[in-house]
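Notes to accompany the following structure.
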Amino acid sequence: MKAKVNSELCVGSQDCVNTCPEVFKMDGEKVVVIGAEVPKEAEEKCKSASDACPAAAITIE
Ligand code: SF4
């Protein structure tokens, strides 16, 4: 599983970082994805973060 953040849409709310710090981290006012693959144990949290993103900026593949 892979996660992507559209930095054009991200409003820097940090919700995803709080929900799933294994995958998302702040880089200035935007979020970046850590690593190429979402760790298996973080997949559910990553999906929750995607669903809860207020800007719909997170895509899961
Ligand atoms: S939850 Fe969405 S808008 Fe908020 S920091 Fe994460 S990617 Fe950006």
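Letters A, B, ... go to the chains of the structure tokens in the order shown; residues in each chain start at 1; ligands are counted from 1 in the same order.
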Quiz item: Skipping near chain neighbours, those fewer than 6 positions away, what residues fall within 12 Å of A:Pro54 using only C-alpha atoms, listed as a PyMOL selection string?
Solution: chain A and resi 9-16+48
Interface rows for chain A against ligand 1: nearest pair, Å to one decimal, 9 Å, only C-alpha atoms and all ligand atoms, as a Markdown table:
| residue | atom | partner | partner_atom_place_in_ligand_line | distance |
| --- | --- | --- | --- | --- |
| A:Lys4 | CA | ligand 1 | 7 (S) | 8.7 |
| A:Val5 | CA | ligand 1 | 7 (S) | 5.7 |
| A:Asn6 | CA | ligand 1 | 7 (S) | 7.3 |
| A:Ser7 | CA | ligand 1 | 8 (Fe) | 7.4 |
| A:Leu9 | CA | ligand 1 | 3 (S) | 6.9 |
| A:Cys10 | CA | ligand 1 | 8 (Fe) | 3.7 |
| A:Val11 | CA | ligand 1 | 3 (S) | 4.3 |
| A:Gly12 | CA | ligand 1 | 5 (S) | 3.8 |
| A:Ser13 | CA | ligand 1 | 4 (Fe) | 3.7 |
| A:Gln14 | CA | ligand 1 | 5 (S) | 3.8 |
| A:Asp15 | CA | ligand 1 | 1 (S) | 4.3 |
| A:Cys16 | CA | ligand 1 | 6 (Fe) | 4.2 |
| A:Val17 | CA | ligand 1 | 6 (Fe) | 6.3 |
| A:Asn18 | CA | ligand 1 | 1 (S) | 8.7 |
| A:Thr19 | CA | ligand 1 | 1 (S) | 8.7 |
| A:Phe24 | CA | ligand 1 | 6 (Fe) | 7.4 |
| A:Lys25 | CA | ligand 1 | 5 (S) | 8.4 |
| A:Met26 | CA | ligand 1 | 5 (S) | 7.5 |
| A:Glu29 | CA | ligand 1 | 5 (S) | 8.2 |
| A:Lys30 | CA | ligand 1 | 8 (Fe) | 6.2 |
| A:Val31 | CA | ligand 1 | 5 (S) | 5.4 |
| A:Val32 | CA | ligand 1 | 7 (S) | 8.1 |
| A:Ala49 | CA | ligand 1 | 1 (S) | 6.5 |
| A:Ser50 | CA | ligand 1 | 1 (S) | 7.1 |
| A:Asp51 | CA | ligand 1 | 1 (S) | 8.9 |
| A:Ala52 | CA | ligand 1 | 1 (S) | 6.7 |
| A:Cys53 | CA | ligand 1 | 1 (S) | 3.8 |
| A:Pro54 | CA | ligand 1 | 3 (S) | 5.6 |
| A:Ala55 | CA | ligand 1 | 3 (S) | 4.9 |
| A:Ala56 | CA | ligand 1 | 2 (Fe) | 6.2 |
| A:Ala57 | CA | ligand 1 | 7 (S) | 5.1 |
| A:Ile58 | CA | ligand 1 | 7 (S) | 5.5 |
Take the residues just selected and output them with N, CA and C atoms as a compact mmCIF listing (two decimals), in the first residue's frame.
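Result file follows (result.txt):
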# COMPACT_ATOMS: atom_id res chain seq x y z
N LYS A 4 -0.19 8.96 -0.78
CA LYS A 4 0.32 10.19 -1.38
C LYS A 4 -0.45 11.37 -0.80
N VAL A 5 0.25 12.48 -0.65
CA VAL A 5 -0.41 13.72 -0.22
C VAL A 5 -0.29 14.74 -1.36
N ASN A 6 -1.42 15.28 -1.74
CA ASN A 6 -1.43 16.36 -2.74
C ASN A 6 -1.16 17.67 -2.00
N SER A 7 0.06 18.18 -2.16
CA SER A 7 0.46 19.36 -1.39
C SER A 7 -0.30 20.62 -1.82
N LEU A 9 -3.49 20.63 -2.16
CA LEU A 9 -4.74 20.59 -1.39
C LEU A 9 -4.51 20.65 0.12
N CYS A 10 -3.40 20.10 0.59
CA CYS A 10 -3.13 20.01 2.04
C CYS A 10 -3.16 21.39 2.68
N VAL A 11 -3.91 21.49 3.78
CA VAL A 11 -4.01 22.76 4.49
C VAL A 11 -3.21 22.73 5.80
N GLY A 12 -2.43 21.68 5.99
CA GLY A 12 -1.53 21.62 7.15
C GLY A 12 -2.23 21.46 8.48
N SER A 13 -3.38 20.79 8.48
CA SER A 13 -4.15 20.63 9.72
C SER A 13 -3.49 19.68 10.72
N GLN A 14 -2.60 18.84 10.23
CA GLN A 14 -1.85 17.86 11.04
C GLN A 14 -2.68 16.70 11.54
N ASP A 15 -3.93 16.60 11.13
CA ASP A 15 -4.77 15.48 11.58
C ASP A 15 -4.13 14.14 11.22
N CYS A 16 -3.60 14.06 10.01
CA CYS A 16 -3.03 12.78 9.57
C CYS A 16 -1.77 12.43 10.37
N VAL A 17 -1.01 13.45 10.74
CA VAL A 17 0.20 13.21 11.55
C VAL A 17 -0.19 12.67 12.92
N ASN A 18 -1.26 13.24 13.48
CA ASN A 18 -1.72 12.78 14.79
C ASN A 18 -2.29 11.37 14.72
N THR A 19 -2.99 11.07 13.63
CA THR A 19 -3.62 9.75 13.49
C THR A 19 -2.60 8.68 13.14
N PHE A 24 2.90 9.84 8.11
CA PHE A 24 2.84 11.26 7.76
C PHE A 24 3.66 12.09 8.72
N LYS A 25 4.37 13.07 8.17
CA LYS A 25 5.08 14.01 9.03
C LYS A 25 5.03 15.40 8.42
N MET A 26 5.12 16.40 9.30
CA MET A 26 5.11 17.77 8.81
C MET A 26 6.45 18.10 8.18
N GLU A 29 4.84 23.75 6.50
CA GLU A 29 3.40 23.86 6.71
C GLU A 29 2.63 22.75 6.00
N LYS A 30 3.35 21.88 5.31
CA LYS A 30 2.71 20.79 4.58
C LYS A 30 3.11 19.45 5.16
N VAL A 31 2.44 18.42 4.68
CA VAL A 31 2.74 17.06 5.13
C VAL A 31 3.46 16.30 4.04
N VAL A 32 4.41 15.49 4.43
CA VAL A 32 5.05 14.57 3.49
C VAL A 32 4.86 13.15 3.99
N ALA A 49 -6.71 8.07 8.43
CA ALA A 49 -6.18 9.42 8.22
C ALA A 49 -6.65 9.96 6.87
N SER A 50 -6.65 9.09 5.87
CA SER A 50 -7.09 9.51 4.53
C SER A 50 -8.57 9.89 4.56
N ASP A 51 -9.38 9.04 5.20
CA ASP A 51 -10.82 9.31 5.27
C ASP A 51 -11.12 10.62 6.02
N ALA A 52 -10.28 10.92 7.02
CA ALA A 52 -10.56 12.06 7.89
C ALA A 52 -9.91 13.36 7.41
N CYS A 53 -9.11 13.29 6.39
CA CYS A 53 -8.42 14.51 5.92
C CYS A 53 -9.45 15.57 5.51
N PRO A 54 -9.43 16.75 6.12
CA PRO A 54 -10.45 17.76 5.80
C PRO A 54 -10.32 18.32 4.39
N ALA A 55 -9.18 18.12 3.77
CA ALA A 55 -8.96 18.66 2.42
C ALA A 55 -9.00 17.57 1.36
N ALA A 56 -9.28 16.34 1.77
CA ALA A 56 -9.25 15.19 0.84
C ALA A 56 -7.95 15.17 0.04
N ALA A 57 -6.85 15.40 0.74
CA ALA A 57 -5.55 15.53 0.07
C ALA A 57 -4.77 14.22 0.02
N ILE A 58 -5.27 13.19 0.74
CA ILE A 58 -4.52 11.94 0.84
C ILE A 58 -5.12 10.90 -0.10
Sel. of strand (DSSP E) residues, chain A, as a PDB file with C-alpha atoms, in the first residue's frame:
ATOM      1  CA  ALA A   3      -0.004   6.884   0.417  1.00  0.00           C
ATOM      2  CA  LYS A   4       0.322  10.189  -1.376  1.00  0.00           C
ATOM      3  CA  VAL A   5      -0.406  13.723  -0.225  1.00  0.00           C
ATOM      4  CA  PHE A  24       2.835  11.257   7.759  1.00  0.00           C
ATOM      5  CA  LYS A  25       5.083  14.009   9.034  1.00  0.00           C
ATOM      6  CA  MET A  26       5.107  17.769   8.813  1.00  0.00           C
ATOM      7  CA  ASP A  27       7.571  19.447   6.480  1.00  0.00           C
ATOM      8  CA  LYS A  30       2.711  20.791   4.576  1.00  0.00           C
ATOM      9  CA  VAL A  31       2.736  17.065   5.134  1.00  0.00           C
ATOM     10  CA  VAL A  32       5.046  14.573   3.489  1.00  0.00           C
ATOM     11  CA  VAL A  33       4.822  10.798   3.375  1.00  0.00           C
ATOM     12  CA  ILE A  58      -4.525  11.941   0.840  1.00  0.00           C
ATOM     13  CA  THR A  59      -4.681   9.238  -1.808  1.00  0.00           C
ATOM     14  CA  ILE A  60      -4.192   5.553  -1.006  1.00  0.00           C
TER      15      ILE A  60
END
Quiz prompt | Every residue of chain A that DSSP places in helix (DSSP H, G or I), as a ChimeraX atom specification | solution = /A:15-19,40-52
Same residues, C-alpha atoms, saved as a tab-separated table (two decimals), in the first residue's frame:
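What ended up in result-v1.tsv:
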chain	number	residue	atom	x	y	z
A	15	ASP	CA	-4.77	15.48	11.58
A	16	CYS	CA	-3.03	12.78	9.57
A	17	VAL	CA	0.20	13.21	11.55
A	18	ASN	CA	-1.72	12.78	14.79
A	19	THR	CA	-3.62	9.75	13.49
A	40	LYS	CA	1.56	-3.28	7.18
A	41	GLU	CA	0.84	-2.49	10.82
A	42	ALA	CA	0.01	1.14	9.96
A	43	GLU	CA	-2.39	0.47	7.06
A	44	GLU	CA	-5.64	0.83	9.02
A	45	LYS	CA	-4.51	4.06	10.68
A	46	CYS	CA	-3.35	5.35	7.31
A	47	LYS	CA	-6.78	4.68	5.78
A	48	SER	CA	-8.44	6.42	8.73
A	49	ALA	CA	-6.18	9.42	8.22
A	50	SER	CA	-7.09	9.51	4.53
A	51	ASP	CA	-10.82	9.31	5.27
A	52	ALA	CA	-10.56	12.06	7.89
